[in-house]
Structures are given as C-alpha cells and as structure tokens.
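Beneath this line is the structure, given in structure tokens, with notes to follow.
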Amino acid sequence: MIQRSILVTTLLTAALTGPAQTPTLREAFKDDFLIGMAINTRQIEEKDPAAARLIQQQFSAVTPENIMKAEIIHPGWDVYNFDLADKLVAYAQKNNIKVNAHNLIWHSQLPGYVHRINNADSLRTWFTNHITTIASRYDGKVYSWDVVNEALNEDGTLRNSVFLQKLGPDYLIEAFRLAQKAAPHTKLYYNDYNIEQPKKRAGAIALIKKIQAAGVRVDGVGIQGHWRANNVPMADIEASIREFSALGIEVMFTELDLGVLPNPWDNTTADVGQTAANRAGMNPYPGGLPDSVADIQAKAYADLFRLFLKYKGKVTRITFWGLDDGMSWLNDWPIRGRTNYPLLFDRNYQPKKAYFNVIATKQQP
Ligand code: XIL
C-alpha cells in the first residue's frame with residue numbers, strides 16, 4: 001500500500017512537472033510581471049548544472065544576493081571588484097534574464113573603512129564616487145537598481161545610519177540624483193522591509209514624494225516581503241499596492257519568502273543586524289516540512305499571487321529571496337543553523353505544493 005502510494009505520487013509529480021502540463025513560473029506569469037530570484041555566487045558561476053537549469057527555466061529576473069553590495073564590489077577607497085558583477089551581467093544576457101542590481105546605498109554590509117570615515121566631506125566624496133562609478137559601469141547592462149535600501153525606521157522616520165548622521169536627510173534625494181545622472185537607461189527603485197505596515201508605509205510615501213518634488217526620478221518601490229507563512233499581512237499589502245501605485249510608480253515584491261519557523265521576537269523585522277541565540281523549540285522541523293505546514297504555506301502563497309494578479313500592471317515584479325529551501329538565508333537568520341522551508345523549491349530542487357498552488361492561480365483566478 002505504502003509502495004503504491006509512493007508510486008502514484010511520483011507519477012503524479014512527473015506528470016505535473018512535464019513541460020506540456022505545467023508551465024514554468026516565467027511562462028505562467030509572462031503577461032503579468034517578471035518573476036525573479038536572488039542569485040548567489042555559485043549560481044552565477046553555474047557550478048551546479050541542476051540549479052543552472054532550474055533558474056533558466058523558471059525565472060525572468062535575478063537580483064544578486066550579495067555580490068553587488070558595497071563590502072564586495074567596493075572593498076577599498078579606490079578598489080572596486082567588478083569581477084562577479086560582470087559575470088552576472090554576461091550570465092543574464094546569455095539566458096535572457098533581467099538584472100535588478102542590489103544595491104547602491106545601504107547601512108549594512110558596508111566595508112569597514114566606510115565606518116571609519118569620520119569627516120562629512122570625505123563621506124560625501126565616497127558616496128558620490130561609489131554611486132557614479134558603479135551605476136555608470138552597469139547602465140544599460142542591468143535593468144534596474146535598488147538605489148537605496150532600508151532607510152526607514154518602523155515608525156516611518158529616517159534610520160539613524162552613517163549616511164543620515166554625516167550627510168543629513170537629503171542624502172536620499174542626492175543618491176537618486178547621482179544614480180539618475182550615472183544611469184539614465186536604468187530604472188531606479190527604493191527598497192525596504194515592512195513598508196506595507198501603515199506607519200512605515202507613510203514614511204516611504206513621504207520619502208518618495210520628497211524625491212519626486214525635487215524633480216528627481218524614482219521609478220518604483222520594492223516591498224521586500226520577508227513574511228511568515230501563517231501571518232501574511234494581506235490587507236496591508238493590498239493597501240500598499242494601491243497607495244504606492246497612486247504615486248505613479250511601479251510596485252514590486254523584491255525579496256519574497258514565507259518562513260515557517262518560530263519567531264524569537266514578537267515583532268516582525270528583516271533587519272540583518274538583529275540576531276538571536278538558538279534555544280529549545282526554535283528548530284521544530286529538522287527532518288522535513290510537515291504536510292500541515294506545507295498546506296498553510298501553499299495557501300498563503302496562492303492568496304498572495306491572486307492579489308498580485310488583481311493588480312497586474314501596477315505590480316511589475318515578484319522576486320523570491322533564493323532558489324530553494326536549502327539556500328535560503330532564513331536557515332541562518334535570525335538564528336544560525338536552523339532548517340527553514342520558505343521558498344517554492346525544496347532542497348532537491350523539486351517543486352513544492354506552494355509551487356503548484358502559485359501556478360494554479362493562473363488557471364483558476
Ligand atoms: C541577506 C543575504 O541573503 C545573506 O546572504 C547575507 O548574509 C545578509 O543579507 N534584506 C536585504 C538583503 O535587502 O540584502 C538581505 O540579504 C536580506 C534582508
């Protein structure tokens with residue numbers, strides 16, 4: 001009996017994943033929005049043929065997970081390391097995939113020497129050189145830039161970053177102005193987590209309006225989307241799509257993953273700087289994702305995609321933060337060494353129930 005049900009499941013999966021029966025993500029949503037993933041170094045270098053094949057089949061956009069962050073691409077005052085970013089651009093061209101470059105200005109993953117700059121004029125020089133050099137090199141080669149990442153606090157005020165402290169609040173307008181000049185053929189976005197939440201959303205709207213009022217181009221906003229499968233803030237997400245798109249800009253979900261593990265805090269954050277120690281009960285599924293949890297996650301993903309489809313045209317890209325559950329940053333954040341299951345593909349690159357549910361939103365809207 002057990003043998004037989006395994007066989008039936010295997011055949012069913014084979015039938016569903018066959019090219020004639022189930023379209024890939026990029027095919028299914030080709031008239032709706034781009035479908036992206038966060039790509040890591042091994043994947044850019046195509047070290048794993050199965051991963052390379054899956055990315056090429058499923059995704060129409062990629063965001064570099066780490067290699068275009070300042071600590072890697074600009075490791076010394078006068079030192080730039082373009083090697084992996086150049087490889088990424090070549091890889092994306094070859095596979096007809098768009099690149100969303102991530103990111104120009106962010107308080108995290110900055111190289112140590114930037115924290116040691118204590119004079120405002122020097123930081124301004126660094127800021128200008130950083131944006132101008134990198135954005136101009138990739139203009140016309142990448143589709144878009146996350147120009148500024150995570151500039152806001154939860155209450156909507158500006159985060160007290162090294163940029164705010166030394167350059168003042170207009171550093172945001174300046175970042176977009178410099179990017180616009182250096183990359184006239186590239187879309188320019190503001191990206192953050194929790195900006196679907198009312199207070200932080202109001203802060204993001206005020207910020208975008210301020211940039212627009214200065215006559216500077218901002219083409220879109222990225223809502224990161226690091227949520228929990230059992231607690232996706234659907235009403236806030238819908239309100240955000242409406243309010244952000246009313247500013248005349250694109251709305252994207254740029255780092256989507258729906259974690260299934262307990263939260264060490266009561267608040268929801270995606271602040272990479274906030275971590276917690278492991279303790280009993282925090283890693284409940286080391287041997288596999290229980291069906292009941294997979295069902296909750298699959299439903300949450302389907303609800304989200306139905307909402308995204310309702311606003312197609314306003315929502316222009318959905319990017320998952322990683323290829324498969326094994327590669328997800330949520331295995332090591334906010335607690336190291338857990339086993340999380342936040343994405344559409346499992347650790348063997350097989351599509352999960354959530355994958356089929358997402359595709360089905362196109363078949364039964
Ligand atoms: C994460 C990466 O996934 C990790 O590999 C890295 O160690 C830390 O950063 N918000 C962002 C992303 O904008 O750049 C972060 O990526 C996740 C949270």
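In the structure tokens, chains take the letters A, B, ... in the order shown, each chain's residues start at 1, and ligands count up from 1 in the order shown.
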Please provide as a JSON list (two decimals) with N, CA and C atoms, in the first residue's frame all residues within 7 Å of region 193-206 of chain A, with the sequence filter that same-chain residues fewer than 5 positions apart are discarded (counting only C-alpha atoms).
[["chain", "number", "residue", "atom", "x", "y", "z"],
["A", 150, "GLU", "N", 16.48, 50.20, 2.75],
["A", 150, "GLU", "CA", 16.24, 50.21, 4.20],
["A", 150, "GLU", "C", 16.64, 51.51, 4.91],
["A", 153, "ASN", "N", 12.95, 53.74, 9.68],
["A", 153, "ASN", "CA", 12.60, 53.05, 10.92],
["A", 153, "ASN", "C", 11.15, 52.58, 10.84],
["A", 154, "GLU", "N", 10.77, 51.75, 11.82],
["A", 154, "GLU", "CA", 9.40, 51.21, 11.83],
["A", 154, "GLU", "C", 8.35, 52.30, 11.97],
["A", 155, "ASP", "N", 8.69, 53.42, 12.63],
["A", 155, "ASP", "CA", 7.69, 54.49, 12.79],
["A", 155, "ASP", "C", 7.68, 55.45, 11.60],
["A", 156, "GLY", "N", 8.44, 55.15, 10.58],
["A", 156, "GLY", "CA", 8.41, 55.98, 9.38],
["A", 156, "GLY", "C", 9.44, 57.10, 9.35],
["A", 157, "THR", "N", 10.16, 57.29, 10.46],
["A", 157, "THR", "CA", 11.23, 58.30, 10.45],
["A", 157, "THR", "C", 12.47, 57.71, 9.78],
["A", 223, "ILE", "N", 8.85, 46.26, -2.02],
["A", 223, "ILE", "CA", 8.45, 45.78, -0.70],
["A", 223, "ILE", "C", 9.14, 44.43, -0.54],
["A", 224, "GLN", "N", 10.02, 44.28, 0.45],
["A", 224, "GLN", "CA", 10.84, 43.06, 0.48],
["A", 224, "GLN", "C", 10.01, 41.79, 0.60],
["A", 225, "GLY", "N", 9.09, 41.73, 1.56],
["A", 225, "GLY", "CA", 8.22, 40.55, 1.66],
["A", 225, "GLY", "C", 8.83, 39.36, 2.38],
["A", 236, "ASP", "N", -2.81, 44.93, 4.56],
["A", 236, "ASP", "CA", -1.79, 45.98, 4.46],
["A", 236, "ASP", "C", -1.08, 45.93, 3.12],
["A", 237, "ILE", "N", -0.88, 44.72, 2.61],
["A", 237, "ILE", "CA", -0.20, 44.59, 1.32],
["A", 237, "ILE", "C", -1.06, 45.20, 0.22],
["A", 240, "SER", "N", -1.04, 48.88, 0.39],
["A", 240, "SER", "CA", 0.26, 49.41, -0.07],
["A", 240, "SER", "C", 0.34, 49.45, -1.58],
["A", 244, "PHE", "N", 1.04, 53.08, -3.08],
["A", 244, "PHE", "CA", 2.31, 53.33, -3.78],
["A", 244, "PHE", "C", 2.07, 53.55, -5.27],
["A", 270, "ALA", "N", 13.16, 42.39, 9.32],
["A", 270, "ALA", "CA", 14.09, 41.69, 8.43],
["A", 270, "ALA", "C", 15.44, 42.39, 8.54]]
**Request:** List the neighbours of region 257-268 of chain A out to 7 Å using only C-alpha atoms; skip same-chain residues closer than 3 positions along the sequence, and give me the result as a PyMOL selection string.
**Result:** chain A and resi 225-229+276+282-283+320-321+340-343
Enumerate, in order of chain and increasing residue number, the residues of chain A with an atom no farther than 9 Å from ligand 1, each with its shortest atom pair and distance in Å to one decimal, counting only C-alpha atoms and all ligand atoms, as a Markdown table.
| residue | atom | partner | partner_atom_place_in_ligand_line | distance |
| --- | --- | --- | --- | --- |
| A:Ala38 | CA | ligand 1 | 3 (O) | 7.8 |
| A:Asn40 | CA | ligand 1 | 5 (O) | 8.1 |
| A:Pro64 | CA | ligand 1 | 14 (O) | 8.6 |
| A:Glu65 | CA | ligand 1 | 3 (O) | 5.4 |
| A:Asn66 | CA | ligand 1 | 2 (C) | 6.1 |
| A:Lys69 | CA | ligand 1 | 14 (O) | 7.9 |
| A:His102 | CA | ligand 1 | 14 (O) | 7.2 |
| A:Asn103 | CA | ligand 1 | 14 (O) | 7.8 |
| A:Trp106 | CA | ligand 1 | 13 (O) | 8.4 |
| A:Ser108 | CA | ligand 1 | 9 (O) | 8.3 |
| A:Gln109 | CA | ligand 1 | 8 (C) | 7.5 |
| A:Asn149 | CA | ligand 1 | 13 (O) | 6.3 |
| A:Glu150 | CA | ligand 1 | 13 (O) | 7.2 |
| A:Asn191 | CA | ligand 1 | 13 (O) | 7.4 |
| A:Asp192 | CA | ligand 1 | 13 (O) | 6.9 |
| A:Tyr193 | CA | ligand 1 | 10 (N) | 7.1 |
| A:Gln224 | CA | ligand 1 | 10 (N) | 7.0 |
| A:His226 | CA | ligand 1 | 18 (C) | 7.8 |
| A:Thr254 | CA | ligand 1 | 13 (O) | 8.7 |
| A:Glu255 | CA | ligand 1 | 10 (N) | 7.2 |
| A:Ala270 | CA | ligand 1 | 18 (C) | 5.5 |
| A:Asp271 | CA | ligand 1 | 18 (C) | 6.4 |
| A:Val272 | CA | ligand 1 | 18 (C) | 5.8 |
| A:Gly273 | CA | ligand 1 | 8 (C) | 8.8 |
| A:Trp321 | CA | ligand 1 | 3 (O) | 7.0 |
| A:Gly322 | CA | ligand 1 | 3 (O) | 7.7 |
| A:Met327 | CA | ligand 1 | 5 (O) | 9.0 |
| A:Ser328 | CA | ligand 1 | 3 (O) | 7.1 |
| A:Trp329 | CA | ligand 1 | 3 (O) | 4.7 |
| A:Leu330 | CA | ligand 1 | 3 (O) | 8.0 |
| A:Asp332 | CA | ligand 1 | 7 (O) | 8.4 |
| A:Trp333 | CA | ligand 1 | 7 (O) | 8.3 |
**Asked** With only C-alpha atoms as the atoms that count, which of A:Asp146, A:Glu45, A:Asp121, A:Asp83 lies nearest to Val99 (chain A)?
**Response**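 Result for the nearest residue to Val99 (chain A): A:Asp146.
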**Message:** I need the strand (DSSP E) residues of region 115-353 of chain A per DSSP on the backbone, written as a count of residues only.
**Reply:** 35
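Between CA of Pro23 (chain A) and CA of Leu289 (chain A) lies a distance of 24.8 Å.
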**Asked** Got a sec: who's within 10 Å of Asn357 (chain A), counting only C-alpha atoms, leaving out chain neighbours fewer than 2 positions off, as a count of residues only?
**Response** 19
**Asked** Hey, can you check how far CA of Gly76 (chain A) sits from CA of Leu104 (chain A)?
**Response** 15.3 Å
**Message:** What's around Lys87 (chain A) at 10 Å? Count only C-alpha atoms, leave out sequence neighbours fewer than 4 positions away in its own chain, and write the answer as a PyMOL selection string.
**Reply:** chain A and resi 41+44-45+82-83+91-93
**Message:** To one decimal place in Å, what is the distance between CA of Ala280 (chain A) and CA of Arg347 (chain A)?
**Reply:**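 One can read the CA of Ala280 (chain A) to CA of Arg347 (chain A) distance as 24.1 Å.
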**Expected answer as a VMD selection string: alpha helix (DSSP H) residues in region 192-286 of chain A** = chain A and resid 198 to 213 234 to 245
Okay, now the selection with N, CA and C atoms, as an mmCIF file, in the first residue's frame?
data_model
loop_
_atom_site.group_PDB
_atom_site.id
_atom_site.type_symbol
_atom_site.label_atom_id
_atom_site.label_comp_id
_atom_site.auth_asym_id
_atom_site.auth_seq_id
_atom_site.Cartn_x
_atom_site.Cartn_y
_atom_site.Cartn_z
ATOM 1 N N PRO A 198 1.410 50.292 8.128
ATOM 2 C CA PRO A 198 0.918 51.665 7.938
ATOM 3 C C PRO A 198 1.916 52.796 8.254
ATOM 4 N N LYS A 199 2.589 52.741 9.399
ATOM 5 C CA LYS A 199 3.461 53.886 9.743
ATOM 6 C C LYS A 199 4.686 53.954 8.839
ATOM 7 N N LYS A 200 5.291 52.794 8.636
ATOM 8 C CA LYS A 200 6.497 52.782 7.797
ATOM 9 C C LYS A 200 6.119 53.095 6.344
ATOM 10 N N ARG A 201 4.936 52.621 5.925
ATOM 11 C CA ARG A 201 4.446 52.927 4.575
ATOM 12 C C ARG A 201 4.284 54.436 4.399
ATOM 13 N N ALA A 202 3.703 55.094 5.413
ATOM 14 C CA ALA A 202 3.525 56.553 5.319
ATOM 15 C C ALA A 202 4.891 57.238 5.192
ATOM 16 N N GLY A 203 5.879 56.716 5.915
ATOM 17 C CA GLY A 203 7.237 57.280 5.813
ATOM 18 C C GLY A 203 7.795 57.092 4.412
ATOM 19 N N ALA A 204 7.560 55.921 3.825
ATOM 20 C CA ALA A 204 8.076 55.643 2.476
ATOM 21 C C ALA A 204 7.382 56.544 1.448
ATOM 22 N N ILE A 205 6.079 56.754 1.635
ATOM 23 C CA ILE A 205 5.350 57.617 0.695
ATOM 24 C C ILE A 205 5.880 59.051 0.787
ATOM 25 N N ALA A 206 6.099 59.511 2.014
ATOM 26 C CA ALA A 206 6.629 60.876 2.188
ATOM 27 C C ALA A 206 8.010 60.999 1.534
ATOM 28 N N LEU A 207 8.810 59.971 1.711
ATOM 29 C CA LEU A 207 10.159 59.974 1.139
ATOM 30 C C LEU A 207 10.107 60.031 -0.397
ATOM 31 N N ILE A 208 9.273 59.194 -0.981
ATOM 32 C CA ILE A 208 9.184 59.151 -2.444
ATOM 33 C C ILE A 208 8.647 60.484 -2.977
ATOM 34 N N LYS A 209 7.657 61.031 -2.269
ATOM 35 C CA LYS A 209 7.114 62.335 -2.706
ATOM 36 C C LYS A 209 8.188 63.421 -2.652
ATOM 37 N N LYS A 210 9.033 63.327 -1.644
ATOM 38 C CA LYS A 210 10.096 64.327 -1.488
ATOM 39 C C LYS A 210 11.096 64.223 -2.652
ATOM 40 N N ILE A 211 11.415 63.018 -3.041
ATOM 41 C CA ILE A 211 12.350 62.827 -4.162
ATOM 42 C C ILE A 211 11.701 63.345 -5.454
ATOM 43 N N GLN A 212 10.425 62.996 -5.628
ATOM 44 C CA GLN A 212 9.708 63.468 -6.826
ATOM 45 C C GLN A 212 9.629 65.001 -6.836
ATOM 46 N N ALA A 213 9.347 65.598 -5.671
ATOM 47 C CA ALA A 213 9.216 67.064 -5.603
ATOM 48 C C ALA A 213 10.528 67.757 -5.927
ATOM 49 N N MET A 234 -2.153 40.504 4.530
ATOM 50 C CA MET A 234 -2.779 40.694 3.219
ATOM 51 C C MET A 234 -3.431 42.080 3.049
ATOM 52 N N ALA A 235 -4.166 42.537 4.066
ATOM 53 C CA ALA A 235 -4.875 43.817 3.905
ATOM 54 C C ALA A 235 -3.877 44.970 3.772
ATOM 55 N N ASP A 236 -2.812 44.930 4.563
ATOM 56 C CA ASP A 236 -1.792 45.983 4.464
ATOM 57 C C ASP A 236 -1.078 45.929 3.117
ATOM 58 N N ILE A 237 -0.878 44.722 2.613
ATOM 59 C CA ILE A 237 -0.200 44.587 1.319
ATOM 60 C C ILE A 237 -1.065 45.202 0.221
ATOM 61 N N GLU A 238 -2.368 44.909 0.275
ATOM 62 C CA GLU A 238 -3.256 45.461 -0.765
ATOM 63 C C GLU A 238 -3.308 46.992 -0.668
ATOM 64 N N ALA A 239 -3.431 47.500 0.536
ATOM 65 C CA ALA A 239 -3.456 48.963 0.700
ATOM 66 C C ALA A 239 -2.155 49.583 0.173
ATOM 67 N N SER A 240 -1.043 48.883 0.391
ATOM 68 C CA SER A 240 0.256 49.411 -0.066
ATOM 69 C C SER A 240 0.338 49.455 -1.583
ATOM 70 N N ILE A 241 -0.163 48.400 -2.233
ATOM 71 C CA ILE A 241 -0.115 48.403 -3.706
ATOM 72 C C ILE A 241 -0.893 49.614 -4.217
ATOM 73 N N ARG A 242 -2.065 49.841 -3.638
ATOM 74 C CA ARG A 242 -2.884 50.984 -4.092
ATOM 75 C C ARG A 242 -2.182 52.313 -3.835
ATOM 76 N N GLU A 243 -1.687 52.487 -2.609
ATOM 77 C CA GLU A 243 -1.127 53.800 -2.239
ATOM 78 C C GLU A 243 0.185 54.083 -2.956
ATOM 79 N N PHE A 244 1.040 53.078 -3.076
ATOM 80 C CA PHE A 244 2.313 53.326 -3.778
ATOM 81 C C PHE A 244 2.066 53.553 -5.265
ATOM 82 N N SER A 245 1.168 52.765 -5.865
ATOM 83 C CA SER A 245 0.993 52.942 -7.310
ATOM 84 C C SER A 245 0.305 54.274 -7.607
#
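With only C-alpha atoms as the atoms that count, the residue of A:Ile35, A:Leu84, A:Val79, A:Ala90 with the shortest distance to Asn129 (chain A) is A:Val79.
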**Asked** Between A:Leu88, A:Arg177, A:Asp324, A:Ala51, which has the minimum distance to Tyr138 (chain A) (counting only C-alpha atoms)?
**Response**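 Once distances to Tyr138 (chain A) are computed over only C-alpha atoms, the minimum belongs to A:Leu88.
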**Item:** Residues near Thr128 (chain A), cut-off 9 Å, only C-alpha atoms, skip fewer than 3 positions along chain, as a list in words
**Value:**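 The residues satisfying every condition are Leu123, Arg124, Thr125, Ile131, Thr132, Thr133, Glu174, Ala175 and Leu178 of chain A.
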**Asked** Looking at only C-alpha atoms, which of A:Lys166, A:Tyr349, A:Thr319, A:Arg137 is the one that sits closest to Arg53 (chain A)?
**Response**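 Residue with the minimum atom-to-atom distance to Arg53 (chain A): A:Tyr349.
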**Asked** Of the candidates A:Met68, A:Ile73, A:Pro111, A:Lys94, which shows the shortest atom-to-atom distance to Val147 (chain A), using only C-alpha atoms?
**Response**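 Under the stated criterion, the closest residue is A:Met68.
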